[in-house]
Amino acid sequence: MSQNSNRKPIRVWVDGCFDMMHHGHANALRQAKSMGDYLVVGVHSDAEIEKHKGPTVMKEEERYTAVGACKWTDLVVKDAPYFTSLEVMEKYNCDFCVHGDDITTLSDGTDCYQAVKDAGKYRECKRTQGISTTELVGRMLLMTRDHHKRRSSIASINNEDLTTFSSNVKQNPEIKISHCLPTSKKIVQFSEGREPNPGDKVVYVDGTFDLFHVGHIEFLKRAKELGDYLLVGLHDDQTVNAIKGVNYPLMNLHERVLSVLACRYVDEVILGAPYSVDENVLSKVYKVDIVAHGNTQSLPDLNGKDPYELPKALGIYVEIENPSAEITTNGIINRIIEHRKMYEERQARKKEKAELEDKLEKEK
């Protein structure tokens with residue numbers, strides 16, 4: 001929304017779980033921010049979510065950090081109440097509340113936004129189709145061989161394509177796999193479109209950035225501190241699949257791009273960047289001054305060579321201390337796998353709740 005010095009800034013309230021923060025969450029925050037000037041985001045605690053919805057994948061501090069790193073967030077309110085009250089909105093001087101066009105209820109079936117709806121302080125934004133935390137958990141429970149390319153339902157996948165957890169297919173045949181279809185408009189909406197200024201030091205990093213998480217966020221933050229402009233290269237699905245193995249990536253290239261673009265530390269991305277940093281990367285988009293990478297060993301390219309051979313030879317390669325050994329893409333997947341039964345039960349509850357909400361919507 002355009003700024004006018006003669007009017008009071010419009011403050012918008014949004015709240016939610018923001019578990020495994022993805023581009024659907026970011027798109028909701030983008031839409032909410034466009035309705036006002038200052039976006040206050042309330043994030044529920046682990047205990048509140050457990051009570052009303054079930055266990056989270058990411059811990060509350062991880063979720064607070066992920067929401068705070070979204071470029072449309074101005075303020076994070078920790079431990080926000082699950083039932084959105086006028087009192088909490090007044091405390092943060094918010095003019096109205098924004099939520100997606102789906103129903104959110106307490107454990108007893110009460111509409112979480114009834115109070116603000118009754119007060120006329122409720123607005124809706126469009127929910128992003130094809131992505132949800134439930135759907136991502138479903139992907140991890142299945143770990144299919146080619147889920148990043150398929151858009152068919154789980155029910156149609158052959159047994160040979162499943163590495164584990166085939167029982168979950170029978171319990172949740174309606175879950176779809178990686179069927180996000182982003183448009184050029186969506187990418188433009190997420191992109192800042194800012195060019196580096198003359199004299200800016202351009203930093204380049206690359207990677208998969210699968211299941212975009214707080215480990216990625218902290219790495220990007222540290223990379224941005226090395227210069228003025230952060231350019232991020234994302235490898236395409238086939239490259240990641242060939243280098244890392246048949247179960248990766250869990251999210252397709254466009255999903256991963258949107259998640260990275262939503263991060264406040266990122267200025268621009270290269271879609272389908274080569275696995276090995278070459279002359280094209282270093283000079284054809286912008287003149288790159290620094291190539292940064294974490295201090296963990298990188299997998300060799302398919303030809304057996306070090307993917308950072310060129311920037312090392314040019315003396316522009318910098319290693320960044322990895323922020324956390326615990327919070328990695330594999331670590332998140334292991335959280336799901338180690339607590340498979342708990343998350344399968346969560347998926348079943350979510351299915352029942354969705355069916356009830358659909359029924360209530362049709363009865364209106």
# chains A, B, ... in the order shown; residues from 1 in each chain; ligands from 1
>>> select_by_dssp(residues="stretch 194-239 of chain A", states="strand (DSSP E or B)", output="VMD selection string")
chain A and resid 202 to 207 229 to 234
>>> residues_around(residues="stretch 235-246 of chain A", least_positions_apart="5", cutoff="6 Å", atoms="only C-alpha atoms", output="list in words")
Arg145, Thr208, Leu253, Gly272 and Ala273 of chain A
>>> closest_atom_pairs(of="stretch 217-245 of chain A", to="stretch 59-75 of chain A", cutoff="10 Å", atoms="only C-alpha atoms", output="Markdown table")
| residue | atom | partner | partner_atom | distance |
| --- | --- | --- | --- | --- |
| A:Ile217 | CA | A:Ala69 | CA | 7.1 |
| A:Glu218 | CA | A:Ala69 | CA | 9.2 |
| A:Lys221 | CA | A:Ala69 | CA | 9.2 |
>>> residues_around(residues="A:Gly199", least_positions_apart="6", cutoff="12 Å", atoms="only C-alpha atoms", output="PyMOL selection string")
chain A and resi 227-229+286-289
>>> write_last_selection(atoms="all heavy atoms", output="short mmCIF file (atom, residue, chain, number, x, y, z; two decimals), in the first residue's frame")
data_model
loop_
_atom_site.label_atom_id
_atom_site.label_comp_id
_atom_site.auth_asym_id
_atom_site.auth_seq_id
_atom_site.Cartn_x
_atom_site.Cartn_y
_atom_site.Cartn_z
N GLY A 227 28.59 -8.78 1.98
CA GLY A 227 28.55 -7.78 0.92
C GLY A 227 27.29 -6.94 0.98
O GLY A 227 26.70 -6.75 2.05
N ASP A 228 26.87 -6.45 -0.19
CA ASP A 228 25.71 -5.55 -0.28
C ASP A 228 24.53 -6.17 -1.01
O ASP A 228 23.39 -5.73 -0.82
CB ASP A 228 26.11 -4.26 -1.02
CG ASP A 228 27.35 -3.63 -0.44
OD1 ASP A 228 27.30 -3.19 0.73
OD2 ASP A 228 28.39 -3.59 -1.14
N TYR A 229 24.81 -7.14 -1.87
CA TYR A 229 23.76 -7.71 -2.73
C TYR A 229 23.93 -9.22 -2.76
O TYR A 229 25.02 -9.73 -3.08
CB TYR A 229 23.90 -7.13 -4.14
CG TYR A 229 22.75 -7.41 -5.08
CD1 TYR A 229 21.70 -6.51 -5.20
CD2 TYR A 229 22.74 -8.57 -5.85
CE1 TYR A 229 20.64 -6.76 -6.08
CE2 TYR A 229 21.70 -8.83 -6.73
CZ TYR A 229 20.65 -7.92 -6.84
OH TYR A 229 19.59 -8.16 -7.71
N TYR A 286 25.41 -10.80 -12.92
CA TYR A 286 26.09 -9.64 -12.32
C TYR A 286 27.53 -10.03 -12.11
O TYR A 286 27.86 -11.23 -12.05
CB TYR A 286 25.45 -9.25 -10.98
CG TYR A 286 23.98 -8.94 -11.06
CD1 TYR A 286 23.05 -9.73 -10.38
CD2 TYR A 286 23.51 -7.86 -11.80
CE1 TYR A 286 21.70 -9.44 -10.44
CE2 TYR A 286 22.16 -7.57 -11.86
CZ TYR A 286 21.25 -8.37 -11.20
OH TYR A 286 19.92 -8.09 -11.27
N LYS A 287 28.41 -9.07 -11.96
CA LYS A 287 29.79 -9.39 -11.65
C LYS A 287 29.86 -9.79 -10.18
O LYS A 287 29.59 -8.99 -9.28
CB LYS A 287 30.70 -8.19 -11.90
CG LYS A 287 32.17 -8.50 -11.62
CD LYS A 287 33.04 -7.28 -11.80
CE LYS A 287 34.49 -7.61 -11.46
NZ LYS A 287 34.65 -8.08 -10.06
N VAL A 288 30.18 -11.05 -9.93
CA VAL A 288 30.21 -11.60 -8.58
C VAL A 288 31.57 -11.33 -7.94
O VAL A 288 32.62 -11.63 -8.53
CB VAL A 288 29.91 -13.11 -8.60
CG1 VAL A 288 30.10 -13.73 -7.22
CG2 VAL A 288 28.49 -13.37 -9.11
N ASP A 289 31.54 -10.77 -6.73
CA ASP A 289 32.78 -10.45 -6.01
C ASP A 289 33.18 -11.54 -5.04
O ASP A 289 34.36 -11.76 -4.78
CB ASP A 289 32.61 -9.14 -5.24
CG ASP A 289 32.31 -7.97 -6.16
OD1 ASP A 289 33.23 -7.53 -6.87
OD2 ASP A 289 31.15 -7.51 -6.19
#
>>> residues_around(residues="stretch 294-307 of chain A", least_positions_apart="3", cutoff="7 Å", atoms="only C-alpha atoms", output="number ranges by chain")
A: 243, 275-277, 319-322
>>> atom_distance(atom1="atom CA of A:Arg264", atom2="atom CA of A:Val40")
15.7 Å
>>> closest_residue(among="A:Ile333, A:Met140, A:Val257, A:Ala32", to="A:Gly100", atoms="only C-alpha atoms")
A:Ala32
>>> residues_around(residues="stretch 96-99 of chain A", least_positions_apart="5", cutoff="12 Å", atoms="only C-alpha atoms", output="JSON, numbers by chain")
{"A": [10, 11, 12, 13, 14, 15, 16, 25, 27, 28, 29, 30, 31, 32, 33, 34, 35, 36, 37, 38, 39, 40, 41, 42, 84, 85, 86, 87, 88, 89, 90, 104, 112, 113, 114, 115, 116, 117, 118, 119, 120, 121, 122, 123, 124, 125, 126, 127, 128]}
>>> select_by_dssp(residues="stretch 16-91 of chain A", states="alpha helix (DSSP H)", output="mmCIF file with N, CA, C and O atoms, in the first residue's frame")
data_model
loop_
_atom_site.group_PDB
_atom_site.id
_atom_site.type_symbol
_atom_site.label_atom_id
_atom_site.label_comp_id
_atom_site.auth_asym_id
_atom_site.auth_seq_id
_atom_site.Cartn_x
_atom_site.Cartn_y
_atom_site.Cartn_z
ATOM 1 N N HIS A 23 6.110 -21.367 1.012
ATOM 2 C CA HIS A 23 5.717 -20.220 0.194
ATOM 3 C C HIS A 23 4.230 -19.918 0.284
ATOM 4 O O HIS A 23 3.805 -18.791 -0.009
ATOM 5 N N GLY A 24 3.415 -20.887 0.720
ATOM 6 C CA GLY A 24 1.999 -20.605 0.950
ATOM 7 C C GLY A 24 1.819 -19.663 2.129
ATOM 8 O O GLY A 24 1.020 -18.712 2.077
ATOM 9 N N HIS A 25 2.570 -19.912 3.204
ATOM 10 C CA HIS A 25 2.562 -18.997 4.355
ATOM 11 C C HIS A 25 3.049 -17.611 3.922
ATOM 12 O O HIS A 25 2.444 -16.587 4.257
ATOM 13 N N ALA A 26 4.163 -17.591 3.181
ATOM 14 C CA ALA A 26 4.736 -16.312 2.753
ATOM 15 C C ALA A 26 3.759 -15.545 1.873
ATOM 16 O O ALA A 26 3.645 -14.316 1.986
ATOM 17 N N ASN A 27 3.030 -16.245 1.019
ATOM 18 C CA ASN A 27 2.077 -15.575 0.139
ATOM 19 C C ASN A 27 0.919 -14.964 0.932
ATOM 20 O O ASN A 27 0.417 -13.890 0.585
ATOM 21 N N ALA A 28 0.513 -15.628 2.012
ATOM 22 C CA ALA A 28 -0.525 -15.060 2.879
ATOM 23 C C ALA A 28 -0.029 -13.774 3.530
ATOM 24 O O ALA A 28 -0.760 -12.773 3.605
ATOM 25 N N LEU A 29 1.223 -13.778 3.982
ATOM 26 C CA LEU A 29 1.800 -12.574 4.594
ATOM 27 C C LEU A 29 1.966 -11.459 3.564
ATOM 28 O O LEU A 29 1.741 -10.280 3.860
ATOM 29 N N ARG A 30 2.330 -11.830 2.351
ATOM 30 C CA ARG A 30 2.452 -10.833 1.272
ATOM 31 C C ARG A 30 1.105 -10.164 1.003
ATOM 32 O O ARG A 30 1.014 -8.923 0.905
ATOM 33 N N GLN A 31 0.057 -10.981 0.894
ATOM 34 C CA GLN A 31 -1.270 -10.427 0.629
ATOM 35 C C GLN A 31 -1.751 -9.541 1.777
ATOM 36 O O GLN A 31 -2.327 -8.476 1.559
ATOM 37 N N ALA A 32 -1.485 -9.995 2.998
ATOM 38 C CA ALA A 32 -1.913 -9.217 4.177
ATOM 39 C C ALA A 32 -1.183 -7.877 4.228
ATOM 40 O O ALA A 32 -1.783 -6.835 4.499
ATOM 41 N N LYS A 33 0.125 -7.906 3.953
ATOM 42 C CA LYS A 33 0.916 -6.671 3.983
ATOM 43 C C LYS A 33 0.409 -5.679 2.929
ATOM 44 O O LYS A 33 0.405 -4.454 3.157
ATOM 45 N N SER A 34 -0.053 -6.195 1.781
ATOM 46 C CA SER A 34 -0.534 -5.319 0.713
ATOM 47 C C SER A 34 -1.816 -4.582 1.096
ATOM 48 O O SER A 34 -2.174 -3.589 0.462
ATOM 49 N N ASP A 46 4.059 -24.003 20.824
ATOM 50 C CA ASP A 46 3.923 -25.453 20.631
ATOM 51 C C ASP A 46 2.758 -26.008 21.446
ATOM 52 O O ASP A 46 1.994 -26.847 20.964
ATOM 53 N N ALA A 47 2.629 -25.527 22.689
ATOM 54 C CA ALA A 47 1.583 -26.038 23.583
ATOM 55 C C ALA A 47 0.189 -25.716 23.050
ATOM 56 O O ALA A 47 -0.722 -26.572 23.088
ATOM 57 N N GLU A 48 -0.007 -24.491 22.541
ATOM 58 C CA GLU A 48 -1.311 -24.092 22.001
ATOM 59 C C GLU A 48 -1.678 -24.922 20.772
ATOM 60 O O GLU A 48 -2.821 -25.356 20.605
ATOM 61 N N ILE A 49 -0.702 -25.146 19.906
ATOM 62 C CA ILE A 49 -0.960 -25.915 18.678
ATOM 63 C C ILE A 49 -1.241 -27.379 19.011
ATOM 64 O O ILE A 49 -2.151 -27.997 18.447
ATOM 65 N N GLU A 50 -0.479 -27.927 19.947
ATOM 66 C CA GLU A 50 -0.687 -29.313 20.382
ATOM 67 C C GLU A 50 -2.104 -29.502 20.908
ATOM 68 O O GLU A 50 -2.765 -30.508 20.618
ATOM 69 N N LYS A 51 -2.592 -28.520 21.632
ATOM 70 C CA LYS A 51 -3.927 -28.595 22.239
ATOM 71 C C LYS A 51 -5.035 -28.583 21.194
ATOM 72 O O LYS A 51 -6.010 -29.335 21.305
ATOM 73 N N HIS A 52 -4.899 -27.749 20.178
ATOM 74 C CA HIS A 52 -5.991 -27.553 19.235
ATOM 75 C C HIS A 52 -5.815 -28.264 17.893
ATOM 76 O O HIS A 52 -6.794 -28.496 17.190
ATOM 77 N N GLU A 60 8.847 -24.018 18.455
ATOM 78 C CA GLU A 60 8.333 -22.646 18.412
ATOM 79 C C GLU A 60 9.410 -21.606 18.109
ATOM 80 O O GLU A 60 9.176 -20.678 17.324
ATOM 81 N N GLU A 61 10.596 -21.738 18.692
ATOM 82 C CA GLU A 61 11.643 -20.763 18.426
ATOM 83 C C GLU A 61 12.071 -20.794 16.959
ATOM 84 O O GLU A 61 12.403 -19.753 16.375
ATOM 85 N N GLU A 62 12.057 -21.966 16.369
ATOM 86 C CA GLU A 62 12.380 -22.103 14.946
ATOM 87 C C GLU A 62 11.303 -21.426 14.104
ATOM 88 O O GLU A 62 11.605 -20.761 13.100
ATOM 89 N N ARG A 63 10.047 -21.578 14.513
ATOM 90 C CA ARG A 63 8.942 -20.960 13.773
ATOM 91 C C ARG A 63 8.952 -19.439 13.919
ATOM 92 O O ARG A 63 8.669 -18.714 12.965
ATOM 93 N N TYR A 64 9.284 -18.952 15.107
ATOM 94 C CA TYR A 64 9.394 -17.495 15.303
ATOM 95 C C TYR A 64 10.461 -16.908 14.378
ATOM 96 O O TYR A 64 10.262 -15.863 13.751
ATOM 97 N N THR A 65 11.596 -17.584 14.288
ATOM 98 C CA THR A 65 12.693 -17.116 13.440
ATOM 99 C C THR A 65 12.306 -17.129 11.966
ATOM 100 O O THR A 65 12.599 -16.178 11.225
ATOM 101 N N ALA A 66 11.639 -18.200 11.542
ATOM 102 C CA ALA A 66 11.235 -18.326 10.135
ATOM 103 C C ALA A 66 10.270 -17.223 9.728
ATOM 104 O O ALA A 66 10.404 -16.623 8.653
ATOM 105 N N VAL A 67 9.308 -16.917 10.588
ATOM 106 C CA VAL A 67 8.334 -15.857 10.285
ATOM 107 C C VAL A 67 9.024 -14.502 10.265
ATOM 108 O O VAL A 67 8.774 -13.660 9.397
ATOM 109 N N GLY A 68 9.943 -14.274 11.210
ATOM 110 C CA GLY A 68 10.656 -13.012 11.276
ATOM 111 C C GLY A 68 11.549 -12.768 10.068
ATOM 112 O O GLY A 68 11.837 -11.618 9.721
ATOM 113 N N LEU A 86 -10.126 -9.380 20.152
ATOM 114 C CA LEU A 86 -10.007 -7.945 19.918
ATOM 115 C C LEU A 86 -8.955 -7.342 20.843
ATOM 116 O O LEU A 86 -8.266 -6.387 20.472
ATOM 117 N N GLU A 87 -8.823 -7.914 22.033
ATOM 118 C CA GLU A 87 -7.856 -7.400 23.014
ATOM 119 C C GLU A 87 -6.426 -7.481 22.475
ATOM 120 O O GLU A 87 -5.650 -6.526 22.615
ATOM 121 N N VAL A 88 -6.075 -8.613 21.868
ATOM 122 C CA VAL A 88 -4.695 -8.752 21.382
ATOM 123 C C VAL A 88 -4.453 -7.818 20.195
ATOM 124 O O VAL A 88 -3.365 -7.253 20.039
ATOM 125 N N MET A 89 -5.470 -7.626 19.358
ATOM 126 C CA MET A 89 -5.322 -6.701 18.235
ATOM 127 C C MET A 89 -5.171 -5.260 18.719
ATOM 128 O O MET A 89 -4.382 -4.492 18.182
ATOM 129 N N GLU A 90 -5.931 -4.912 19.743
ATOM 130 C CA GLU A 90 -5.836 -3.560 20.313
ATOM 131 C C GLU A 90 -4.486 -3.343 20.981
ATOM 132 O O GLU A 90 -3.914 -2.247 20.923
ATOM 133 N N LYS A 91 -3.943 -4.385 21.613
ATOM 134 C CA LYS A 91 -2.649 -4.288 22.275
ATOM 135 C C LYS A 91 -1.560 -3.881 21.284
ATOM 136 O O LYS A 91 -0.642 -3.123 21.635
#
>>> atom_distance(atom1="atom CA of A:Val57", atom2="atom CA of A:Leu220")
22.0 Å
>>> closest_residue(among="A:Phe83, A:Asn6, A:Pro311, A:Tyr265", to="A:Asp111", atoms="only C-alpha atoms")
A:Phe83
>>> atom_distance(atom1="atom CA of A:Asn252", atom2="atom CA of A:Ser132")
14.0 Å
>>> decode(residues="stretch 282-300 of chain A", atoms="N, CA and C atoms", output="compact mmCIF listing (two decimals), in the first residue's frame")
# COMPACT_ATOMS: atom_id res chain seq x y z
N LEU A 282 29.53 -16.17 -12.71
CA LEU A 282 30.35 -15.11 -12.12
C LEU A 282 30.28 -13.77 -12.86
N SER A 283 29.82 -13.80 -14.12
CA SER A 283 29.88 -12.54 -14.87
C SER A 283 28.67 -12.23 -15.74
N LYS A 284 27.86 -13.23 -16.12
CA LYS A 284 26.79 -12.98 -17.08
C LYS A 284 25.55 -12.36 -16.46
N VAL A 285 25.25 -12.64 -15.19
CA VAL A 285 24.08 -12.03 -14.53
C VAL A 285 24.53 -10.72 -13.90
N TYR A 286 25.41 -10.80 -12.92
CA TYR A 286 26.09 -9.64 -12.32
C TYR A 286 27.53 -10.03 -12.11
N LYS A 287 28.41 -9.07 -11.96
CA LYS A 287 29.79 -9.39 -11.65
C LYS A 287 29.86 -9.79 -10.18
N VAL A 288 30.18 -11.05 -9.93
CA VAL A 288 30.21 -11.60 -8.58
C VAL A 288 31.57 -11.33 -7.94
N ASP A 289 31.54 -10.77 -6.73
CA ASP A 289 32.78 -10.45 -6.01
C ASP A 289 33.18 -11.54 -5.04
N ILE A 290 32.18 -12.24 -4.46
CA ILE A 290 32.44 -13.29 -3.47
C ILE A 290 31.52 -14.47 -3.75
N VAL A 291 32.08 -15.66 -3.69
CA VAL A 291 31.28 -16.90 -3.72
C VAL A 291 31.40 -17.53 -2.35
N ALA A 292 30.28 -17.70 -1.68
CA ALA A 292 30.29 -18.23 -0.32
C ALA A 292 29.64 -19.60 -0.25
N HIS A 293 30.12 -20.40 0.69
CA HIS A 293 29.56 -21.74 0.90
C HIS A 293 29.77 -22.11 2.37
N GLY A 294 28.95 -23.00 2.88
CA GLY A 294 29.11 -23.47 4.25
C GLY A 294 30.40 -24.24 4.42
N ASN A 295 30.82 -24.42 5.67
CA ASN A 295 32.11 -25.09 5.93
C ASN A 295 31.99 -26.61 6.02
N THR A 296 30.87 -27.13 5.53
CA THR A 296 30.76 -28.59 5.40
C THR A 296 31.18 -28.99 3.99
N GLN A 297 31.64 -30.21 3.85
CA GLN A 297 32.14 -30.68 2.55
C GLN A 297 31.00 -30.75 1.55
N SER A 298 31.23 -30.21 0.36
CA SER A 298 30.21 -30.26 -0.69
C SER A 298 30.40 -31.51 -1.53
N LEU A 299 29.30 -32.05 -2.04
CA LEU A 299 29.38 -33.23 -2.90
C LEU A 299 30.00 -32.85 -4.23
N PRO A 300 30.83 -33.71 -4.82
CA PRO A 300 31.44 -33.39 -6.12
C PRO A 300 30.39 -33.37 -7.23
